[in-house]
Amino acid sequence: LGDASAPRYPGGMSALDWPLDADGYPHREAARVLLFDDAGRLLLAKGHDEDQPERHWWFTIGGGIEEGEEPRVAAVREVREETGLRLRPEDLIGPVLYRRAEFDFLAVTARQDEWFFVAHAPSTTLSRRGWTQLERSVIDAQRWWDIDEAEAQIEDDLYPARILQYARQWRGGWDGQMIRLTDAREP
């Protein structure tokens, strides 16, 4: 995440990518994608916190929006960097969800405003070539999940908490109503 020469918070988060907000928290905007394959499976990543290695969670593909970048363009870039899959901005549906979240990661409490999109792509071998050093150290796996299977088998945390319910709703289409989650406090 970010320029290696930029100042860092404890744990390695870049102050360039995560500027402090008015309350003194590292805070950024991010773009995330609920990516479905041709079988209707959802791609999720599993990560851990280097500061608390026993803590694991599953999450959608995505990451920080760069200065001057539109959320849709950032979402496409993040999918390419994190999976090797190439999408176009017009391939994205939404934004379907906006979430303002506060969470602990790398010994820092951070805030993130997230724009979620839906996209469809063929399941294929995923690439880690675009991963940053931090992503390589904290992302443990990526997996295409059948939604029922994910609900039955994922025992770790999942963010956002209701993402599988939303995924089931949006897998076949979107009703045009963006959901807003503005008080999300994640462990």
# chains A, B, ... in the order shown; residues from 1 in each chain; ligands from 1
>>> closest_atom_pairs(of="region 22-123 of chain A", to="region 131-142 of chain A", cutoff="7 Å", atoms="only C-alpha atoms", output="Markdown table")
| residue | atom | partner | partner_atom | distance |
| --- | --- | --- | --- | --- |
| A:Leu43 | CA | A:Gln142 | CA | 6.9 |
| A:Leu44 | CA | A:Gln142 | CA | 5.7 |
| A:Ala45 | CA | A:Gln142 | CA | 4.2 |
| A:Lys46 | CA | A:Ala141 | CA | 5.1 |
| A:Gly47 | CA | A:Ile139 | CA | 4.2 |
| A:His48 | CA | A:Val138 | CA | 5.3 |
| A:Asp49 | CA | A:Val138 | CA | 6.3 |
| A:Glu50 | CA | A:Val138 | CA | 6.6 |
| A:Glu81 | CA | A:Trp131 | CA | 6.0 |
| A:Glu82 | CA | A:Trp131 | CA | 5.8 |
>>> write_last_selection(atoms="N, CA, C and O atoms", output="mmCIF file, in the first residue's frame")
data_model
loop_
_atom_site.group_PDB
_atom_site.id
_atom_site.type_symbol
_atom_site.label_atom_id
_atom_site.label_comp_id
_atom_site.auth_asym_id
_atom_site.auth_seq_id
_atom_site.Cartn_x
_atom_site.Cartn_y
_atom_site.Cartn_z
ATOM 1 N N LEU A 43 -16.080 -14.290 -5.442
ATOM 2 C CA LEU A 43 -14.663 -14.310 -5.103
ATOM 3 C C LEU A 43 -14.446 -13.538 -3.811
ATOM 4 O O LEU A 43 -14.832 -12.378 -3.697
ATOM 5 N N LEU A 44 -13.839 -14.204 -2.840
ATOM 6 C CA LEU A 44 -13.476 -13.580 -1.572
ATOM 7 C C LEU A 44 -12.004 -13.826 -1.296
ATOM 8 O O LEU A 44 -11.442 -14.829 -1.729
ATOM 9 N N ALA A 45 -11.415 -12.907 -0.567
ATOM 10 C CA ALA A 45 -10.032 -13.052 -0.116
ATOM 11 C C ALA A 45 -10.045 -13.284 1.394
ATOM 12 O O ALA A 45 -10.934 -12.802 2.097
ATOM 13 N N LYS A 46 -9.060 -14.028 1.866
ATOM 14 C CA LYS A 46 -8.905 -14.254 3.305
ATOM 15 C C LYS A 46 -7.604 -13.599 3.735
ATOM 16 O O LYS A 46 -6.565 -13.778 3.096
ATOM 17 N N GLY A 47 -7.673 -12.842 4.816
ATOM 18 C CA GLY A 47 -6.481 -12.173 5.316
ATOM 19 C C GLY A 47 -6.344 -12.318 6.809
ATOM 20 O O GLY A 47 -7.206 -12.869 7.488
ATOM 21 N N HIS A 48 -5.223 -11.823 7.290
ATOM 22 C CA HIS A 48 -4.971 -11.798 8.729
ATOM 23 C C HIS A 48 -4.270 -10.491 9.070
ATOM 24 O O HIS A 48 -3.792 -9.777 8.196
ATOM 25 N N ASP A 49 -4.205 -10.199 10.343
ATOM 26 C CA ASP A 49 -3.560 -8.985 10.830
ATOM 27 C C ASP A 49 -2.193 -9.372 11.373
ATOM 28 O O ASP A 49 -2.102 -10.216 12.261
ATOM 29 N N GLU A 50 -1.137 -8.780 10.832
ATOM 30 C CA GLU A 50 0.204 -9.114 11.321
ATOM 31 C C GLU A 50 0.372 -8.757 12.787
ATOM 32 O O GLU A 50 1.155 -9.375 13.490
ATOM 33 N N GLU A 81 -5.079 -5.643 -10.207
ATOM 34 C CA GLU A 81 -3.900 -5.818 -9.356
ATOM 35 C C GLU A 81 -4.025 -7.036 -8.442
ATOM 36 O O GLU A 81 -3.046 -7.744 -8.225
ATOM 37 N N GLU A 82 -5.221 -7.268 -7.908
ATOM 38 C CA GLU A 82 -5.383 -8.329 -6.913
ATOM 39 C C GLU A 82 -5.723 -9.687 -7.500
ATOM 40 O O GLU A 82 -5.574 -10.694 -6.816
#
>>> residues_around(residues="Tyr159 (chain A)", least_positions_apart="5", cutoff="8 Å", atoms="only C-alpha atoms", output="mmCIF file with C-alpha atoms, in the first residue's frame")
data_model
loop_
_atom_site.group_PDB
_atom_site.id
_atom_site.type_symbol
_atom_site.label_atom_id
_atom_site.label_comp_id
_atom_site.auth_asym_id
_atom_site.auth_seq_id
_atom_site.Cartn_x
_atom_site.Cartn_y
_atom_site.Cartn_z
ATOM 1 C CA TRP A 57 -11.360 -12.644 8.078
ATOM 2 C CA TRP A 58 -12.807 -12.880 4.564
ATOM 3 C CA PHE A 59 -13.485 -9.821 2.423
ATOM 4 C CA THR A 60 -14.211 -8.660 -1.108
ATOM 5 C CA GLU A 186 -15.597 -3.877 12.723
#
>>> closest_residue(among="A:Ala30, A:Ala39, A:Ala22, A:Val118", to="Val96 (chain A)", atoms="only C-alpha atoms")
A:Val118
>>> residues_around(residues="Arg168 (chain A)", least_positions_apart="4", cutoff="8 Å", atoms="only C-alpha atoms", output="list in words")
Ile147, Leu164 and Gly172 of chain A
>>> select_by_dssp(residues="region 11-67 of chain A", states="strand (DSSP E or B)", output="PyMOL selection string")
chain A and resi 14+20+26-36+42-49+52-59+61-64
